[in-house]
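**Student:** Okay, here's the structure, questions in a sec.
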Amino acid sequence: MSTDAVPVAVAPAKRPPINKYAFACALLASMNSVLLGYDISVMSGAQLFMKEDLKITDTQIEILAGVINIYSLFGSLAAGLTSDWLGRRYTMVLAAAIFFTGALLMGLAPDYAILMVGRFVAGIGVGFALMIAPVYTAEVAPTSARGFLTSFPEVFNNFGILLGYVSNFAFARLPVHLSWRAMFLVGAVPPVFLGVAVLAMPESPRWLIMRGRIDDARRVLQKTSDSPAEAEERLLDMKKAIGIPEGASDSDDVVAIIRANKGSHSEGVWKELLINPSRPVRRMLVAGLGLMFIQQATGVDCVVMYSPRVFERAGIKSKTNSLGASMAVGACKTFFIPISTLLLDRIGRRPLLLASGGGMAIFLFTLATSLHMMDRRPEGEATALGAVSIAAMLSFVASFASGLGPVAWVYCSEIYPLRLRAQAAAIGTGLNRIMSGATTMSFLSLSNAITIAGSFYLYASIAAAGWVFMYFFLPETMGKSLEDTVKLFGKDTDDADVVVSRHERKKSTELSAQQ
């Protein structure tokens, strides 16, 4: 008998259970995204009554609907600075307060001009919430559950969309001059509770380390990590990323951090990102900004915001019925988004992005073709095509919600180095909002120029090009720490290892000079 040892199959390591404290932090932070989702979808129904009550045109409607995304650009850029100054937590409180003010202004607006002011204020709040929630969640979450927890903002964004549609349907039977006001005023309720709830959350450990509060950061990490060993490992990784020498004690950290921060500010984060980026930083920007562009350029917000008009074109003529059917869009997004949430840390980011992008291109093409064929047939003979159009639209929404929608935010919150993360995330959020504003502010005019079918053919082409981009430019980040993820894009001449070596060389030179 052979004495050779027979290899024994080794069972795969069990995934640690979800850290409940980190889960609660991510949940509270991500609830800010309810505000954006609600505001987008509530406008889809409110516009029908505003047009009748205020006697405004389609052009004014599309500007009012889409301009909040342009305004949110300023909020997201400001949030990058505010989050580094006040901290991640108080930036979320500020976002809730700003959105509360905007909702009141919109709901009580006597005319179109005040409505625009309300949209501006609400847009600033939306920009703050969009930028800060994924960044905070990524910085608190343990590596084993980072993808799952960082997808929460998109989950709540979709829940907000569903609430907006429900609000439209619930208040549609009120008098015209009250219905749209009630829809906006209800949106002032969630920010009150969110602003108070956020105060119960801890500050981001990475921000605490940047401010020299090492003991506070250690306490947060001990609560949000899967084990004490992981907490210490994450602490060391964060300190290394900021540029603190490995052998430095906690009592020395404050001095080291101050020096690192002074160097960072003197060189200028914005200069490093936009004027003179290193090759790895350029690759990160191409990946992150490209993904944010694709997410909105495929027209998903147009489907959400103008779904009653698309349903009307598909054969649902009653205003109440079209608002009721629009709830199916919100329900579809809310139902399918848990798919990506549960699979992010199991199969990875790339498979979800590629499957989602491919499905979106196919269903947009199907939607465009069915609407085009309906244009060529008498109204009574296009019932089957109308059903195909509705099914294709819901399938497009499902494809987006199960991949590109949440995964884009997760991916862009984890690819940048710590010193650039807040500002880079702000730029990505700004581009995302610009594209959302550009598509929603041009949809009605574009549809009048090339038909609704032509508009969706355009979006289908962008989705197909986006699939090619994602295949070639996006590496997999699953299972890597935030610090290791950065290395996927190449060696950065300003990364932690080089910063530490520079510090050590400088210290050695000073000692030699003294001798």
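As shown in the structure tokens, the chain order sets the letters A, B, ...; within each chain, residues go from 1, and ligands are also counted from 1 in the order they appear.
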Skipping near chain neighbours, those fewer than 4 positions away, what residues fall within 8 Å of Ser33 of chain A using only C-alpha atoms, listed as a ChimeraX atom specification?

**Tutor:** /A:37,126,129-130,133,153-154,156-157,160

**Student:** Can those selected residues be exported to a file as an mmCIF file, in the first residue's frame so that it contains N, CA, C and O atoms?

**Tutor:**
data_model
loop_
_atom_site.group_PDB
_atom_site.id
_atom_site.type_symbol
_atom_site.label_atom_id
_atom_site.label_comp_id
_atom_site.auth_asym_id
_atom_site.auth_seq_id
_atom_site.Cartn_x
_atom_site.Cartn_y
_atom_site.Cartn_z
ATOM 1 N N GLY A 37 -33.333 60.502 -3.495
ATOM 2 C CA GLY A 37 -34.296 59.658 -4.197
ATOM 3 C C GLY A 37 -35.701 60.225 -4.154
ATOM 4 O O GLY A 37 -36.410 60.237 -5.169
ATOM 5 N N VAL A 126 -28.496 67.957 -1.287
ATOM 6 C CA VAL A 126 -28.365 66.686 -1.997
ATOM 7 C C VAL A 126 -26.900 66.399 -2.314
ATOM 8 O O VAL A 126 -26.416 65.274 -2.148
ATOM 9 N N ALA A 129 -25.107 65.221 0.836
ATOM 10 C CA ALA A 129 -25.479 63.859 1.220
ATOM 11 C C ALA A 129 -24.889 62.820 0.277
ATOM 12 O O ALA A 129 -24.415 61.759 0.707
ATOM 13 N N LEU A 130 -24.899 63.121 -1.016
ATOM 14 C CA LEU A 130 -24.392 62.179 -2.011
ATOM 15 C C LEU A 130 -22.910 61.895 -1.831
ATOM 16 O O LEU A 130 -22.454 60.760 -1.983
ATOM 17 N N ALA A 133 -22.011 60.253 2.404
ATOM 18 C CA ALA A 133 -22.487 58.953 2.896
ATOM 19 C C ALA A 133 -21.596 57.794 2.451
ATOM 20 O O ALA A 133 -21.184 56.975 3.290
ATOM 21 N N PRO A 153 -26.054 53.486 0.658
ATOM 22 C CA PRO A 153 -26.594 54.755 0.161
ATOM 23 C C PRO A 153 -27.484 54.587 -1.069
ATOM 24 O O PRO A 153 -28.533 55.237 -1.172
ATOM 25 N N GLU A 154 -27.104 53.709 -1.977
ATOM 26 C CA GLU A 154 -27.943 53.494 -3.160
ATOM 27 C C GLU A 154 -29.227 52.762 -2.799
ATOM 28 O O GLU A 154 -30.281 53.000 -3.407
ATOM 29 N N PHE A 156 -30.931 53.174 -0.029
ATOM 30 C CA PHE A 156 -31.846 54.171 0.520
ATOM 31 C C PHE A 156 -32.238 55.215 -0.526
ATOM 32 O O PHE A 156 -33.329 55.785 -0.443
ATOM 33 N N ASN A 157 -31.370 55.465 -1.484
ATOM 34 C CA ASN A 157 -31.750 56.326 -2.600
ATOM 35 C C ASN A 157 -32.960 55.736 -3.321
ATOM 36 O O ASN A 157 -33.926 56.440 -3.644
ATOM 37 N N GLY A 160 -36.036 56.046 -1.252
ATOM 38 C CA GLY A 160 -36.555 57.404 -1.372
ATOM 39 C C GLY A 160 -37.339 57.598 -2.660
ATOM 40 O O GLY A 160 -38.365 58.294 -2.684
#

**Student:** Ser326 of chain A: which residues within 10 Å, counting only C-alpha atoms, same-chain residues fewer than 2 positions away excluded, as a VMD selection string?

**Tutor:** chain A and resid 41 44 to 45 162 165 to 166 168 to 169 303 to 311 320 to 324 328 to 332 394

**Student:** Counting only C-alpha atoms, figure out which residue out of A:Ala408, A:Ala384, A:Ala97, A:Leu81 gets nearest to Ser151 of chain A.

**Tutor:**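 Answer, going by the shortest atom-to-atom distance: A:Ala408.
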
**Student:** Name all residues at most 6 Å from Pro191 of chain A (count only C-alpha atoms; drop same-chain ones fewer than 2 positions away) and give them as a list in words.

**Tutor:** Ala96, Phe100, Val189, Phe193, Leu194 and Gly195 of chain A

**Student:** Atom CA of Ile434 of chain A and atom CA of Glu272 of chain A, how far apart in Å?

**Tutor:**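 Between these atoms lies a distance of 22.5 Å.
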
**Student:** I want to know what sits within 9 Å of Gly358 of chain A, based on only C-alpha atoms, with residues of the same chain fewer than 4 positions away left out; could you give that as an MDAnalysis selection string?

**Tutor:** chainID A and resid 353:354 362:363 399 463:464 466:467

**Student:** Name the residues in contact with Met478 of chain A at a cut-off of 8 Å, using only C-alpha atoms, excluding same-chain residues fewer than 2 positions from it; report them as a PyMOL selection string.

**Tutor:** chain A and resi 147+344-345+348-349+476+480

**Student:** So which one's closest to Asn448 of chain A, A:Phe473, A:Arg376, A:Thr59, A:Lys240? Using only C-alpha atoms, please.

**Tutor:**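 Of A:Phe473, A:Arg376, A:Thr59, A:Lys240, the one nearest Asn448 of chain A, counting only C-alpha atoms, is A:Thr59.
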
**Student:** Can you work out which one of A:Cys25, A:Ile450, A:Leu48, A:Ile161 has the shortest atom-to-atom distance to Thr224 of chain A, counting only C-alpha atoms?

**Tutor:**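 The shortest atom-to-atom distance to Thr224 of chain A comes from A:Cys25.
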
**Student:** Looking only at alpha helix (DSSP H) from DSSP on the backbone, list the matching residues of segment 71-297 of chain A as an NGL selection string.

**Tutor:** :A and (71-85 or 88-108 or 112-140 or 146-150 or 152-171 or 176-186 or 189-198 or 205-210 or 214-224 or 228-242 or 250-267 or 269-270 or 279-297)

**Student:** Excluding same-chain residues fewer than 3 positions from segment 369-372 of chain A, what lies within 9 Å of it counting only C-alpha atoms, as a PDB file with C-alpha atoms, in the first residue's frame?

**Tutor:**
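Produced file part02.pdb, reproduced below:
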ATOM      1  CA  ARG A 313     -46.696  57.129 -24.555  1.00  0.00           C
ATOM      2  CA  ALA A 314     -46.966  53.387 -23.909  1.00  0.00           C
ATOM      3  CA  LEU A 364     -32.852  50.257 -23.641  1.00  0.00           C
ATOM      4  CA  PHE A 365     -32.583  49.055 -27.246  1.00  0.00           C
ATOM      5  CA  THR A 366     -35.758  46.975 -26.786  1.00  0.00           C
ATOM      6  CA  ASP A 375     -45.175  55.466 -33.653  1.00  0.00           C
ATOM      7  CA  ARG A 376     -45.907  53.716 -36.949  1.00  0.00           C
ATOM      8  CA  LEU A 385     -46.064  46.892 -28.128  1.00  0.00           C
ATOM      9  CA  GLY A 386     -47.102  49.080 -25.190  1.00  0.00           C
ATOM     10  CA  VAL A 388     -43.309  45.332 -24.340  1.00  0.00           C
ATOM     11  CA  SER A 389     -42.295  48.959 -23.760  1.00  0.00           C
ATOM     12  CA  ALA A 392     -38.434  46.766 -21.177  1.00  0.00           C
ATOM     13  CA  THR A 451     -38.646  61.353 -30.635  1.00  0.00           C
ATOM     14  CA  ILE A 452     -38.700  59.440 -27.342  1.00  0.00           C
ATOM     15  CA  ALA A 453     -37.578  56.314 -29.216  1.00  0.00           C
ATOM     16  CA  GLY A 454     -34.580  58.178 -30.626  1.00  0.00           C
ATOM     17  CA  PHE A 456     -33.580  55.784 -25.840  1.00  0.00           C
ATOM     18  CA  TYR A 457     -31.556  54.600 -28.837  1.00  0.00           C
TER      19      TYR A 457
END

**Student:** If you measure from atom CA of Thr91 of chain A to atom CA of Ala182 of chain A, what distance in Å do you get, rounded to one decimal?

**Tutor:**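 Separation of atom CA of Thr91 of chain A and atom CA of Ala182 of chain A: 27.9 Å.
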
**Student:** Determine the nearest neighbour of Asp58 of chain A from the options A:Leu444, A:Val140, A:Ile209, A:Cys302, counting only C-alpha atoms.

**Tutor:**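 Comparing A:Leu444, A:Val140, A:Ile209, A:Cys302 against Asp58 of chain A, the winner is A:Leu444.
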
**Student:** Can you tell me which residues surround Leu404 of chain A at a distance of at most 12 Å, considering only C-alpha atoms, apart from same-chain residues fewer than 4 positions away, and format the answer as a compact mmCIF listing (two decimals) with all heavy atoms, in the first residue's frame?

**Tutor:**
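Just written: part_22.txt:
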# COMPACT_ATOMS: atom_id res chain seq x y z
N SER A 151 -22.84 49.87 -0.18
CA SER A 151 -23.95 49.93 -1.13
C SER A 151 -25.22 50.48 -0.50
O SER A 151 -26.20 50.76 -1.21
CB SER A 151 -24.23 48.52 -1.69
OG SER A 151 -24.73 47.66 -0.67
N GLU A 154 -27.10 53.71 -1.98
CA GLU A 154 -27.94 53.49 -3.16
C GLU A 154 -29.23 52.76 -2.80
O GLU A 154 -30.28 53.00 -3.41
CB GLU A 154 -27.16 52.71 -4.22
CG GLU A 154 -27.87 52.58 -5.55
CD GLU A 154 -28.04 53.90 -6.29
OE1 GLU A 154 -27.38 54.88 -5.91
OE2 GLU A 154 -28.85 53.95 -7.24
N LEU A 291 -16.83 55.89 -14.64
CA LEU A 291 -17.95 55.12 -14.08
C LEU A 291 -19.11 56.03 -13.69
O LEU A 291 -20.28 55.71 -13.95
CB LEU A 291 -17.46 54.31 -12.88
CG LEU A 291 -18.37 53.20 -12.37
CD1 LEU A 291 -18.71 52.22 -13.47
CD2 LEU A 291 -17.68 52.47 -11.22
N MET A 292 -18.80 57.18 -13.09
CA MET A 292 -19.85 58.12 -12.72
C MET A 292 -20.55 58.70 -13.95
O MET A 292 -21.76 58.92 -13.95
CB MET A 292 -19.26 59.25 -11.87
CG MET A 292 -18.95 58.84 -10.44
SD MET A 292 -20.45 58.30 -9.58
CE MET A 292 -19.81 57.97 -7.96
N PHE A 293 -19.79 58.95 -15.01
CA PHE A 293 -20.37 59.44 -16.26
C PHE A 293 -21.35 58.42 -16.83
O PHE A 293 -22.49 58.74 -17.18
CB PHE A 293 -19.26 59.74 -17.26
CG PHE A 293 -19.76 60.13 -18.63
CD1 PHE A 293 -20.06 61.45 -18.93
CD2 PHE A 293 -19.95 59.16 -19.62
CE1 PHE A 293 -20.53 61.81 -20.19
CE2 PHE A 293 -20.41 59.51 -20.88
CZ PHE A 293 -20.70 60.83 -21.16
N ILE A 294 -20.91 57.18 -16.92
CA ILE A 294 -21.74 56.13 -17.51
C ILE A 294 -23.02 55.93 -16.70
O ILE A 294 -24.11 55.73 -17.27
CB ILE A 294 -20.94 54.81 -17.58
CG1 ILE A 294 -19.79 54.95 -18.57
CG2 ILE A 294 -21.84 53.65 -17.99
CD1 ILE A 294 -18.74 53.87 -18.41
N GLN A 295 -22.90 55.99 -15.39
CA GLN A 295 -24.08 55.72 -14.54
C GLN A 295 -25.25 56.64 -14.88
O GLN A 295 -26.40 56.21 -14.90
CB GLN A 295 -23.71 55.86 -13.06
CG GLN A 295 -24.78 55.31 -12.13
CD GLN A 295 -24.71 55.90 -10.74
OE1 GLN A 295 -24.66 57.10 -10.56
NE2 GLN A 295 -24.70 55.04 -9.74
N GLN A 296 -24.96 57.91 -15.17
CA GLN A 296 -26.04 58.86 -15.42
C GLN A 296 -26.30 59.11 -16.91
O GLN A 296 -27.42 59.44 -17.29
CB GLN A 296 -25.74 60.18 -14.73
CG GLN A 296 -25.85 60.13 -13.23
CD GLN A 296 -27.25 59.74 -12.76
OE1 GLN A 296 -28.24 60.07 -13.39
NE2 GLN A 296 -27.32 59.00 -11.66
N ALA A 297 -25.28 58.95 -17.75
CA ALA A 297 -25.46 59.23 -19.18
C ALA A 297 -26.37 58.23 -19.86
O ALA A 297 -26.82 58.47 -20.99
CB ALA A 297 -24.10 59.26 -19.89
N THR A 298 -26.67 57.12 -19.20
CA THR A 298 -27.57 56.12 -19.78
C THR A 298 -29.05 56.47 -19.57
O THR A 298 -29.93 55.70 -19.97
CB THR A 298 -27.29 54.73 -19.18
OG1 THR A 298 -27.25 54.83 -17.75
CG2 THR A 298 -25.95 54.20 -19.67
N VAL A 300 -30.98 56.96 -16.71
CA VAL A 300 -31.82 56.35 -15.68
C VAL A 300 -32.68 57.38 -14.96
O VAL A 300 -33.85 57.12 -14.64
CB VAL A 300 -30.95 55.55 -14.68
CG1 VAL A 300 -30.02 56.46 -13.90
CG2 VAL A 300 -31.82 54.72 -13.76
N LYS A 333 -36.89 49.16 -8.55
CA LYS A 333 -35.56 49.55 -8.10
C LYS A 333 -35.30 49.08 -6.67
O LYS A 333 -34.22 48.58 -6.35
CB LYS A 333 -35.39 51.07 -8.18
CG LYS A 333 -35.35 51.63 -9.59
CD LYS A 333 -34.82 53.06 -9.61
CE LYS A 333 -33.32 53.06 -9.44
NZ LYS A 333 -32.74 54.42 -9.53
N PHE A 336 -34.85 45.09 -6.57
CA PHE A 336 -33.69 44.47 -7.20
C PHE A 336 -32.35 44.92 -6.61
O PHE A 336 -31.34 44.22 -6.78
CB PHE A 336 -33.69 44.73 -8.70
CG PHE A 336 -34.56 43.77 -9.47
CD1 PHE A 336 -35.89 44.08 -9.73
CD2 PHE A 336 -34.06 42.55 -9.89
CE1 PHE A 336 -36.70 43.20 -10.43
CE2 PHE A 336 -34.86 41.66 -10.59
CZ PHE A 336 -36.18 41.98 -10.86
N ILE A 337 -32.31 46.03 -5.94
CA ILE A 337 -31.02 46.51 -5.43
C ILE A 337 -30.40 45.59 -4.37
O ILE A 337 -29.18 45.49 -4.28
CB ILE A 337 -31.14 47.95 -4.90
CG1 ILE A 337 -29.76 48.58 -4.82
CG2 ILE A 337 -31.84 48.01 -3.57
CD1 ILE A 337 -29.78 50.07 -4.57
N ILE A 339 -29.98 42.57 -4.59
CA ILE A 339 -29.20 41.56 -5.29
C ILE A 339 -27.72 41.94 -5.29
O ILE A 339 -26.85 41.15 -4.92
CB ILE A 339 -29.71 41.38 -6.74
CG1 ILE A 339 -31.14 40.81 -6.72
CG2 ILE A 339 -28.78 40.49 -7.55
CD1 ILE A 339 -31.76 40.70 -8.09
N SER A 340 -27.44 43.16 -5.72
CA SER A 340 -26.05 43.59 -5.74
C SER A 340 -25.50 43.76 -4.33
O SER A 340 -24.32 43.48 -4.07
CB SER A 340 -25.90 44.91 -6.51
OG SER A 340 -26.68 45.92 -5.90
N THR A 341 -26.34 44.20 -3.40
CA THR A 341 -25.90 44.39 -2.02
C THR A 341 -25.40 43.08 -1.42
O THR A 341 -24.38 43.04 -0.72
CB THR A 341 -27.06 44.95 -1.17
OG1 THR A 341 -27.48 46.20 -1.72
CG2 THR A 341 -26.64 45.16 0.26
N LEU A 344 -22.03 41.75 -3.68
CA LEU A 344 -20.84 42.58 -3.84
C LEU A 344 -19.59 41.94 -3.24
O LEU A 344 -18.52 41.94 -3.86
CB LEU A 344 -21.07 43.95 -3.20
CG LEU A 344 -21.53 45.07 -4.12
CD1 LEU A 344 -21.99 46.26 -3.29
CD2 LEU A 344 -20.41 45.47 -5.05
N ARG A 349 -17.02 43.20 -7.75
CA ARG A 349 -17.61 44.39 -8.37
C ARG A 349 -17.73 44.25 -9.89
O ARG A 349 -18.75 44.59 -10.48
CB ARG A 349 -16.73 45.62 -8.08
CG ARG A 349 -16.86 46.23 -6.68
CD ARG A 349 -16.47 45.31 -5.57
NE ARG A 349 -16.16 46.00 -4.33
CZ ARG A 349 -16.24 45.43 -3.15
NH1 ARG A 349 -16.64 44.18 -3.02
NH2 ARG A 349 -15.91 46.12 -2.06
N ARG A 350 -16.67 43.73 -10.53
CA ARG A 350 -16.64 43.65 -12.00
C ARG A 350 -17.79 42.81 -12.58
O ARG A 350 -18.48 43.25 -13.51
CB ARG A 350 -15.30 43.10 -12.47
CG ARG A 350 -14.24 44.16 -12.74
CD ARG A 350 -12.94 43.53 -13.16
NE ARG A 350 -13.06 42.79 -14.41
CZ ARG A 350 -12.95 43.33 -15.62
NH1 ARG A 350 -12.71 44.62 -15.75
NH2 ARG A 350 -13.06 42.59 -16.70
N PRO A 351 -18.02 41.59 -12.10
CA PRO A 351 -19.12 40.80 -12.67
C PRO A 351 -20.47 41.50 -12.59
O PRO A 351 -21.26 41.45 -13.53
CB PRO A 351 -19.09 39.51 -11.83
CG PRO A 351 -17.70 39.41 -11.33
CD PRO A 351 -17.26 40.82 -11.08
N LEU A 352 -20.72 42.17 -11.47
CA LEU A 352 -22.00 42.88 -11.32
C LEU A 352 -22.09 44.05 -12.29
O LEU A 352 -23.13 44.29 -12.91
CB LEU A 352 -22.16 43.36 -9.88
CG LEU A 352 -22.47 42.29 -8.83
CD1 LEU A 352 -22.41 42.87 -7.43
CD2 LEU A 352 -23.84 41.67 -9.09
N LEU A 353 -21.00 44.80 -12.42
CA LEU A 353 -21.00 45.94 -13.33
C LEU A 353 -21.20 45.50 -14.77
O LEU A 353 -21.98 46.11 -15.52
CB LEU A 353 -19.69 46.72 -13.19
CG LEU A 353 -19.52 47.58 -11.94
CD1 LEU A 353 -18.09 48.10 -11.84
CD2 LEU A 353 -20.51 48.74 -11.94
N LEU A 354 -20.51 44.44 -15.18
CA LEU A 354 -20.61 44.00 -16.58
C LEU A 354 -21.97 43.39 -16.89
O LEU A 354 -22.55 43.65 -17.96
CB LEU A 354 -19.49 42.99 -16.88
CG LEU A 354 -18.07 43.55 -16.83
CD1 LEU A 354 -17.04 42.45 -16.99
CD2 LEU A 354 -17.89 44.62 -17.90
N ALA A 355 -22.52 42.61 -15.96
CA ALA A 355 -23.85 42.03 -16.18
C ALA A 355 -24.90 43.14 -16.23
O ALA A 355 -25.80 43.13 -17.08
CB ALA A 355 -24.17 41.03 -15.07
N SER A 356 -24.78 44.09 -15.33
CA SER A 356 -25.73 45.20 -15.28
C SER A 356 -25.65 46.05 -16.54
O SER A 356 -26.67 46.36 -17.17
CB SER A 356 -25.45 46.06 -14.05
OG SER A 356 -26.22 47.24 -14.06
N GLY A 357 -24.43 46.43 -16.95
CA GLY A 357 -24.27 47.27 -18.13
C GLY A 357 -24.78 46.60 -19.40
O GLY A 357 -25.41 47.24 -20.24
N GLY A 358 -24.52 45.30 -19.53
CA GLY A 358 -25.02 44.58 -20.70
C GLY A 358 -26.54 44.52 -20.73
O GLY A 358 -27.16 44.74 -21.79
N GLY A 359 -27.15 44.25 -19.58
CA GLY A 359 -28.61 44.22 -19.52
C GLY A 359 -29.23 45.57 -19.82
O GLY A 359 -30.24 45.65 -20.53
N MET A 360 -28.64 46.63 -19.31
CA MET A 360 -29.16 47.97 -19.57
C MET A 360 -29.15 48.30 -21.07
O MET A 360 -30.13 48.83 -21.61
CB MET A 360 -28.34 49.01 -18.80
CG MET A 360 -28.55 48.99 -17.30
SD MET A 360 -27.29 49.94 -16.40
CE MET A 360 -27.55 51.57 -17.08
N ALA A 361 -28.06 47.96 -21.76
CA ALA A 361 -27.97 48.24 -23.20
C ALA A 361 -29.04 47.47 -23.96
O ALA A 361 -29.71 48.03 -24.85
CB ALA A 361 -26.57 47.87 -23.71
N PHE A 396 -34.96 47.50 -17.61
CA PHE A 396 -33.82 48.41 -17.59
C PHE A 396 -33.56 48.91 -16.18
O PHE A 396 -32.41 48.92 -15.71
CB PHE A 396 -34.09 49.58 -18.54
CG PHE A 396 -33.22 50.77 -18.30
CD1 PHE A 396 -31.86 50.74 -18.60
CD2 PHE A 396 -33.74 51.95 -17.76
CE1 PHE A 396 -31.04 51.85 -18.38
CE2 PHE A 396 -32.94 53.06 -17.53
CZ PHE A 396 -31.59 53.01 -17.84
N VAL A 397 -34.62 49.32 -15.50
CA VAL A 397 -34.48 49.80 -14.12
C VAL A 397 -33.94 48.69 -13.23
O VAL A 397 -33.07 48.93 -12.37
CB VAL A 397 -35.85 50.31 -13.61
CG1 VAL A 397 -35.81 50.57 -12.11
CG2 VAL A 397 -36.25 51.58 -14.35
N ALA A 398 -34.43 47.46 -13.42
CA ALA A 398 -33.96 46.33 -12.61
C ALA A 398 -32.48 46.07 -12.86
O ALA A 398 -31.71 45.80 -11.92
CB ALA A 398 -34.79 45.08 -12.92
N SER A 399 -32.05 46.14 -14.13
CA SER A 399 -30.63 45.92 -14.45
C SER A 399 -29.75 46.98 -13.80
O SER A 399 -28.68 46.68 -13.26
CB SER A 399 -30.43 45.94 -15.97
OG SER A 399 -31.10 44.88 -16.59
N PHE A 400 -30.21 48.22 -13.84
CA PHE A 400 -29.45 49.31 -13.22
C PHE A 400 -29.36 49.11 -11.71
O PHE A 400 -28.28 49.24 -11.12
CB PHE A 400 -30.13 50.64 -13.54
CG PHE A 400 -29.47 51.84 -12.91
CD1 PHE A 400 -28.42 52.48 -13.55
CD2 PHE A 400 -29.90 52.33 -11.68
CE1 PHE A 400 -27.79 53.58 -12.97
CE2 PHE A 400 -29.29 53.43 -11.10
CZ PHE A 400 -28.23 54.06 -11.76
N ALA A 408 -21.35 51.49 -8.57
CA ALA A 408 -20.54 52.66 -8.95
C ALA A 408 -20.14 53.46 -7.72
O ALA A 408 -18.99 53.91 -7.61
CB ALA A 408 -21.33 53.54 -9.93
N TRP A 409 -21.05 53.65 -6.78
CA TRP A 409 -20.75 54.42 -5.58
C TRP A 409 -19.76 53.66 -4.69
O TRP A 409 -18.85 54.25 -4.09
CB TRP A 409 -22.02 54.73 -4.81
CG TRP A 409 -22.92 55.66 -5.55
CD1 TRP A 409 -24.08 55.35 -6.19
CD2 TRP A 409 -22.72 57.06 -5.75
NE1 TRP A 409 -24.61 56.47 -6.79
CE2 TRP A 409 -23.81 57.53 -6.53
CE3 TRP A 409 -21.74 57.98 -5.37
CZ2 TRP A 409 -23.93 58.86 -6.91
CZ3 TRP A 409 -21.86 59.30 -5.74
CH2 TRP A 409 -22.95 59.73 -6.50
N VAL A 410 -19.95 52.34 -4.58
CA VAL A 410 -19.02 51.54 -3.79
C VAL A 410 -17.62 51.62 -4.38
O VAL A 410 -16.63 51.88 -3.67
CB VAL A 410 -19.49 50.06 -3.76
CG1 VAL A 410 -18.43 49.19 -3.08
CG2 VAL A 410 -20.82 49.94 -3.03
N TYR A 411 -17.52 51.41 -5.68
CA TYR A 411 -16.22 51.37 -6.36
C TYR A 411 -15.48 52.71 -6.21
O TYR A 411 -14.29 52.74 -5.91
CB TYR A 411 -16.44 51.05 -7.83
CG TYR A 411 -15.20 50.58 -8.56
CD1 TYR A 411 -14.86 49.23 -8.60
CD2 TYR A 411 -14.36 51.49 -9.20
CE1 TYR A 411 -13.72 48.80 -9.25
CE2 TYR A 411 -13.22 51.07 -9.86
CZ TYR A 411 -12.90 49.72 -9.89
OH TYR A 411 -11.78 49.30 -10.54
N CYS A 412 -16.20 53.80 -6.42
CA CYS A 412 -15.55 55.12 -6.39
C CYS A 412 -15.20 55.57 -4.98
O CYS A 412 -14.42 56.50 -4.81
CB CYS A 412 -16.44 56.15 -7.08
SG CYS A 412 -16.61 55.86 -8.86
N ALA A 463 -24.82 53.07 -23.15
CA ALA A 463 -24.70 51.91 -22.26
C ALA A 463 -23.78 50.86 -22.87
O ALA A 463 -22.97 50.24 -22.16
CB ALA A 463 -26.08 51.31 -21.99
N GLY A 466 -20.31 52.06 -22.55
CA GLY A 466 -19.94 51.96 -21.14
C GLY A 466 -19.51 50.56 -20.75
O GLY A 466 -18.61 50.38 -19.94
N TRP A 467 -20.16 49.56 -21.33
CA TRP A 467 -19.78 48.17 -21.03
C TRP A 467 -18.34 47.92 -21.46
O TRP A 467 -17.56 47.29 -20.74
CB TRP A 467 -20.72 47.21 -21.76
CG TRP A 467 -20.53 45.78 -21.35
CD1 TRP A 467 -21.22 45.10 -20.39
CD2 TRP A 467 -19.57 44.85 -21.89
NE1 TRP A 467 -20.76 43.81 -20.29
CE2 TRP A 467 -19.75 43.62 -21.20
CE3 TRP A 467 -18.60 44.92 -22.87
CZ2 TRP A 467 -18.98 42.50 -21.47
CZ3 TRP A 467 -17.82 43.80 -23.14
CH2 TRP A 467 -18.01 42.60 -22.45
N MET A 470 -15.97 49.60 -18.97
CA MET A 470 -15.85 48.88 -17.70
C MET A 470 -15.02 47.61 -17.84
O MET A 470 -14.27 47.23 -16.94
CB MET A 470 -17.25 48.56 -17.15
CG MET A 470 -18.02 49.79 -16.71
SD MET A 470 -19.60 49.43 -15.89
CE MET A 470 -20.59 48.83 -17.28

**Student:** Here is a test: counting only C-alpha atoms, which residue of A:Val42, A:Ile390, A:Ile462, A:Met284 is nearest to Lys487 of chain A?

**Tutor:** A:Met284
